[in-house]
Amino acid sequence: MELIWQGIVKALELVFGGDREVWAITWLSLKISGSATLISLLLGIPLGIVLALTRFPGRAVGAALVNTGMGLPPVVVGLFISIGLWRSGPLGFLELIYTPVAMVVAQVVIALPIVAGLTMASFQSLDPNLALQLLGIGASKLQVLWLLCKEARLSLLAAVMAGFGGVISEVGASMMVGGNIRGQTRVLTTATVLETGKGNFDVAIALGLILLALCFALNLFLTHIQQRGQMRWPRLS
Amino acid sequence: MIDKRIAAQFFVALVLTLAGASTAWSGEPKSVILSTTTSTQDTGLLDVLVPLFERQSGYTVKVISVGTGQALALAAKGDADVALVHAPRLEKQYVADGKLLNRRLVMYNDFVIIGPKADPARIKASKAAVSAMQLIAQAKSRFVSRGDNSGTHTLEKSLWKEVRIDPKGDWYIEAGLGMAATLGIANERNAYTITDRGTYLALQKRLMLPILIEGDRALLNIYSVMEVNPANGPRINRAGGKALADFMVSPQAQSLIKTFGVEKFGEPLFVPVAGKREEELGV
């Protein structure tokens, strides 16, 4: 117990004492996982919508692949991306291994199926008649799509949170493709592993608490957006 | 309209992330990849040496800290420019195969065998590392192995080989982790293990296991630096690798190594030996 207390004290010290390295690590974690989530949204939402609303041969296989990908183990992603990006690998000429870009790539692979899968599920739970009615009153296809997105926004925001939560808390892939290099690719999760390994448990706990606080703050913000304008349920009791 | 506001807020959040992302990385200066063992990082030695080298040379160093086995394999594939490791027998093999060049000694310390205070296998009196291993195996006392082909693991395996024991069974725990994490397991399970003295001293305040065997020649732990043969791959930074290797054996780095750890642990963690040959160390 005393250890946890020490960790809390240390966390406050690091955050408010203006420890530059900790701030830099926190900021880098946000940048990498934020970009990865953003890219996953740009690719994953259209993919999910296509899988949910259209019919084409192979759609079922595609949907199953996306659903499987939602549970992709980060270390496996890390391993394959490392093999591809190593200087000796097929994409070695890009010189991306051990850079933040490589970490973003790995995190996109992890978050994309989560975003696409949740988008697909949320669109499939919409009433198909809604689209027909909208078309019937003269809405264009794009307008219908936009209105459907609005209708599904609660689930879409859940997809954002799940995608971001999946990558900011991920350590295996970041460690492998980033290398946990001080000042370059060290993020909150890999730094926590390192400090635990060094026996600096107070610093490790502090980093863990910062990560938790960060996730909580972001989710608080997104949940706030999500819950606004939410219809009230009638009393059921 | 609430919906419009929500959309606007969402958009602002996205733009902020994107703006952050674009400043995350800009053009990278020339970098050197150093593949090394966990002990050089876990003790904090590289945190002292690397920034100094970066300031002096203008190179950015990417330290990839893994077990010695993996560090050598990465270098042999051309995925690193220079290697700082501690498994002489393995290293000589790589040098003989032409994968690594110009092996130079940097520093040494020693391995120690630590274990429960009560010493259930009674190894303390034996003084020699090999007989200690034999006693541990005979008593089937818990022993935690790195199990990761690291320098420490290589030494452990050579000790088992010498006493012709193939360690197997419930008592033999293969951690598959770095030195510091392995020490943590040995401590929690109250088991014997082999560790380099540097990492042991760095973690001493967290450990309840005393040193039981030390000072045996067989436990000498020698660190060498090697450059990667440019023929191993297309993108090797030969000049950078050589610059970092030269720095490791330079008088300046050697004098930093000599005093590293005195302030924190009361004794140095490594002994600098640049320019010496192994025979002079009595191996």
# chains A, B, ... in the order shown; residues from 1 in each chain; ligands from 1
call {"tool": "residues_around", "arguments": {"residues": "range 19-28 of chain A", "least_positions_apart": "4", "cutoff": "9 Å", "atoms": "only C-alpha atoms", "output": "ChimeraX atom specification"}}
result
/A:13-15,32-33,100,182-188,191,207,210-211,214 /B:20,24
call {"tool": "interface_residues", "arguments": {"of": "chain A", "to": "chain B", "cutoff": "7 Å", "atoms": "only C-alpha atoms", "output": "VMD selection string"}}
result
chain A and resid 31 to 32 34 to 35 38 86 to 88 179 181 197 to 199 225 229
call {"tool": "closest_residue", "arguments": {"among": "B:Ala87, B:Leu135, B:Val48, B:Ile222", "to": "Ser158 in chain B", "atoms": "only C-alpha atoms"}}
result
B:Ala87
call {"tool": "residues_around", "arguments": {"residues": "Gly58 in chain B", "least_positions_apart": "2", "cutoff": "9 Å", "atoms": "only C-alpha atoms", "output": "ChimeraX atom specification"}}
result
/B:29-31,53-56,60
call {"tool": "atom_distance", "arguments": {"atom1": "CA of Asn129 in chain A", "atom2": "CA of Leu53 in chain A"}}
result
12.4 Å
call {"tool": "select_by_dssp", "arguments": {"residues": "range 40-130 of chain B", "states": "alpha helix (DSSP H)", "output": "MDAnalysis selection string"}}
result
chainID B and resid 40:42 45:57 68:76 88:96 129:130
call {"tool": "atom_distance", "arguments": {"atom1": "CA of Arg217 in chain B", "atom2": "CA of Leu155 in chain B"}}
result
12.1 Å
call {"tool": "select_by_dssp", "arguments": {"residues": "range 92-152 of chain B", "states": "strand (DSSP E)", "output": "PDB file with N, CA and C atoms, in the first residue's frame"}}
result
ATOM      1  N   LEU B 100      30.114  -9.367 -37.988  1.00  0.00           N
ATOM      2  CA  LEU B 100      30.480  -8.220 -37.172  1.00  0.00           C
ATOM      3  C   LEU B 100      31.992  -8.011 -37.265  1.00  0.00           C
ATOM      4  N   LEU B 101      32.399  -6.740 -37.116  1.00  0.00           N
ATOM      5  CA  LEU B 101      33.798  -6.398 -37.335  1.00  0.00           C
ATOM      6  C   LEU B 101      34.386  -5.692 -36.124  1.00  0.00           C
ATOM      7  N   ASN B 102      35.712  -5.801 -36.022  1.00  0.00           N
ATOM      8  CA  ASN B 102      36.456  -4.952 -35.107  1.00  0.00           C
ATOM      9  C   ASN B 102      35.967  -5.051 -33.666  1.00  0.00           C
ATOM     10  N   ARG B 103      35.980  -6.262 -33.103  1.00  0.00           N
ATOM     11  CA  ARG B 103      35.523  -6.454 -31.722  1.00  0.00           C
ATOM     12  C   ARG B 103      36.531  -5.854 -30.757  1.00  0.00           C
ATOM     13  N   ARG B 104      36.060  -4.946 -29.931  1.00  0.00           N
ATOM     14  CA  ARG B 104      36.943  -4.305 -28.949  1.00  0.00           C
ATOM     15  C   ARG B 104      36.321  -4.373 -27.558  1.00  0.00           C
ATOM     16  N   LEU B 105      37.143  -4.693 -26.562  1.00  0.00           N
ATOM     17  CA  LEU B 105      36.639  -4.751 -25.189  1.00  0.00           C
ATOM     18  C   LEU B 105      36.336  -3.343 -24.702  1.00  0.00           C
ATOM     19  N   VAL B 106      35.250  -3.185 -23.958  1.00  0.00           N
ATOM     20  CA  VAL B 106      34.874  -1.876 -23.433  1.00  0.00           C
ATOM     21  C   VAL B 106      35.004  -1.845 -21.914  1.00  0.00           C
ATOM     22  N   MET B 107      34.448  -2.851 -21.265  1.00  0.00           N
ATOM     23  CA  MET B 107      34.424  -2.838 -19.797  1.00  0.00           C
ATOM     24  C   MET B 107      34.076  -4.231 -19.308  1.00  0.00           C
ATOM     25  N   TYR B 108      34.239  -4.454 -18.015  1.00  0.00           N
ATOM     26  CA  TYR B 108      33.751  -5.706 -17.464  1.00  0.00           C
ATOM     27  C   TYR B 108      33.208  -5.466 -16.075  1.00  0.00           C
ATOM     28  N   ASN B 109      32.383  -6.378 -15.640  1.00  0.00           N
ATOM     29  CA  ASN B 109      32.137  -6.505 -14.212  1.00  0.00           C
ATOM     30  C   ASN B 109      32.018  -8.002 -14.016  1.00  0.00           C
ATOM     31  N   ASP B 110      31.308  -8.468 -13.053  1.00  0.00           N
ATOM     32  CA  ASP B 110      31.227  -9.917 -12.942  1.00  0.00           C
ATOM     33  C   ASP B 110      29.797 -10.331 -12.672  1.00  0.00           C
ATOM     34  N   PHE B 111      29.536 -11.588 -12.959  1.00  0.00           N
ATOM     35  CA  PHE B 111      28.257 -12.170 -12.595  1.00  0.00           C
ATOM     36  C   PHE B 111      28.362 -12.642 -11.160  1.00  0.00           C
ATOM     37  N   VAL B 112      27.232 -12.678 -10.489  1.00  0.00           N
ATOM     38  CA  VAL B 112      27.195 -13.253  -9.142  1.00  0.00           C
ATOM     39  C   VAL B 112      26.002 -14.205  -9.091  1.00  0.00           C
ATOM     40  N   ILE B 113      26.113 -15.203  -8.224  1.00  0.00           N
ATOM     41  CA  ILE B 113      24.963 -16.073  -8.002  1.00  0.00           C
ATOM     42  C   ILE B 113      24.321 -15.629  -6.700  1.00  0.00           C
ATOM     43  N   ILE B 114      23.048 -15.293  -6.785  1.00  0.00           N
ATOM     44  CA  ILE B 114      22.341 -14.863  -5.580  1.00  0.00           C
ATOM     45  C   ILE B 114      21.260 -15.897  -5.263  1.00  0.00           C
ATOM     46  N   PHE B 143      15.348 -22.241  -9.206  1.00  0.00           N
ATOM     47  CA  PHE B 143      16.339 -21.426  -9.899  1.00  0.00           C
ATOM     48  C   PHE B 143      15.624 -20.695 -11.034  1.00  0.00           C
ATOM     49  N   VAL B 144      15.831 -19.383 -11.115  1.00  0.00           N
ATOM     50  CA  VAL B 144      15.185 -18.626 -12.199  1.00  0.00           C
ATOM     51  C   VAL B 144      16.217 -18.341 -13.285  1.00  0.00           C
ATOM     52  N   SER B 145      15.930 -18.806 -14.490  1.00  0.00           N
ATOM     53  CA  SER B 145      16.804 -18.572 -15.631  1.00  0.00           C
ATOM     54  C   SER B 145      16.242 -17.442 -16.473  1.00  0.00           C
TER      55      SER B 145
END
call {"tool": "atom_distance", "arguments": {"atom1": "CA of Pro272 in chain B", "atom2": "CA of Ile213 in chain B"}}
result
22.8 Å
call {"tool": "residues_around", "arguments": {"residues": "Ile211 in chain B", "least_positions_apart": "2", "cutoff": "12 Å", "atoms": "only C-alpha atoms", "output": "JSON list (two decimals) with C-alpha atoms, in the first residue's frame"}}
result
[["chain", "number", "residue", "atom", "x", "y", "z"],
["B", 110, "ASP", "CA", 31.23, -9.92, -12.94],
["B", 111, "PHE", "CA", 28.26, -12.17, -12.59],
["B", 112, "VAL", "CA", 27.19, -13.25, -9.14],
["B", 113, "ILE", "CA", 24.96, -16.07, -8.00],
["B", 114, "ILE", "CA", 22.34, -14.86, -5.58],
["B", 115, "GLY", "CA", 19.74, -16.82, -3.68],
["B", 116, "PRO", "CA", 17.69, -17.21, -0.51],
["B", 117, "LYS", "CA", 19.37, -16.20, 2.72],
["B", 118, "ALA", "CA", 18.78, -19.69, 4.12],
["B", 119, "ASP", "CA", 20.68, -21.16, 1.13],
["B", 123, "ILE", "CA", 26.10, -23.46, -2.28],
["B", 124, "LYS", "CA", 27.84, -20.73, -0.35],
["B", 127, "LYS", "CA", 32.86, -20.99, -3.73],
["B", 192, "TYR", "CA", 18.51, -18.72, -6.92],
["B", 193, "THR", "CA", 19.58, -16.88, -10.03],
["B", 194, "ILE", "CA", 22.62, -15.55, -11.87],
["B", 195, "THR", "CA", 22.88, -11.82, -12.45],
["B", 196, "ASP", "CA", 25.43, -9.30, -13.58],
["B", 197, "ARG", "CA", 26.65, -7.29, -10.64],
["B", 200, "TYR", "CA", 22.07, -6.39, -9.02],
["B", 201, "LEU", "CA", 23.55, -3.27, -7.42],
["B", 204, "GLN", "CA", 19.65, -3.95, -4.54],
["B", 207, "LEU", "CA", 15.95, -7.34, -3.33],
["B", 208, "MET", "CA", 16.13, -9.64, -0.33],
["B", 209, "LEU", "CA", 18.49, -12.17, -1.92],
["B", 213, "ILE", "CA", 28.89, -16.89, -5.02],
["B", 214, "GLU", "CA", 31.24, -14.25, -6.38],
["B", 215, "GLY", "CA", 34.80, -13.77, -7.51]]
call {"tool": "residues_around", "arguments": {"residues": "range 123-128 of chain A", "least_positions_apart": "3", "cutoff": "9 Å", "atoms": "only C-alpha atoms", "output": "ChimeraX atom specification"}}
result
/A:48-49,52-53,118-120,131-132,148-149,151-152,155
call {"tool": "residues_around", "arguments": {"residues": "Ala139 in chain B", "least_positions_apart": "5", "cutoff": "12 Å", "atoms": "only C-alpha atoms", "output": "compact mmCIF listing (two decimals) with N, CA and C atoms, in the first residue's frame"}}
result
# COMPACT_ATOMS: atom_id res chain seq x y z
N ASP B 119 19.84 -20.34 2.01
CA ASP B 119 20.68 -21.16 1.13
C ASP B 119 20.38 -22.65 1.22
N PRO B 120 19.16 -23.06 0.81
CA PRO B 120 18.76 -24.46 0.98
C PRO B 120 19.66 -25.46 0.26
N ALA B 121 20.32 -25.05 -0.83
CA ALA B 121 21.18 -26.00 -1.54
C ALA B 121 22.62 -25.96 -1.02
N ARG B 122 22.85 -25.14 -0.04
CA ARG B 122 24.19 -25.00 0.58
C ARG B 122 25.29 -24.74 -0.44
N ILE B 123 25.10 -23.72 -1.24
CA ILE B 123 26.10 -23.46 -2.28
C ILE B 123 27.20 -22.53 -1.79
N ALA B 132 28.36 -24.85 -7.53
CA ALA B 132 27.13 -24.27 -7.01
C ALA B 132 25.94 -24.69 -7.88
N MET B 133 26.13 -24.67 -9.20
CA MET B 133 25.05 -25.06 -10.10
C MET B 133 24.68 -26.52 -9.88
N GLN B 134 25.72 -27.36 -9.69
CA GLN B 134 25.50 -28.77 -9.45
C GLN B 134 24.65 -28.98 -8.18
N GLY B 169 12.44 -29.34 -15.05
CA GLY B 169 11.62 -29.68 -13.90
C GLY B 169 10.98 -28.47 -13.26
N TRP B 171 11.54 -27.04 -10.55
CA TRP B 171 12.43 -26.11 -9.84
C TRP B 171 13.08 -25.11 -10.78
N TYR B 172 13.10 -25.42 -12.08
CA TYR B 172 13.80 -24.59 -13.04
C TYR B 172 12.81 -23.67 -13.76
N TYR B 192 17.15 -19.06 -6.48
CA TYR B 192 18.51 -18.72 -6.92
C TYR B 192 18.45 -18.15 -8.31
call {"tool": "residues_around", "arguments": {"residues": "Thr192 in chain A", "least_positions_apart": "3", "cutoff": "8 Å", "atoms": "only C-alpha atoms", "output": "number ranges by chain"}}
result
A: 188-189, 195-196, 203-205, 207-208
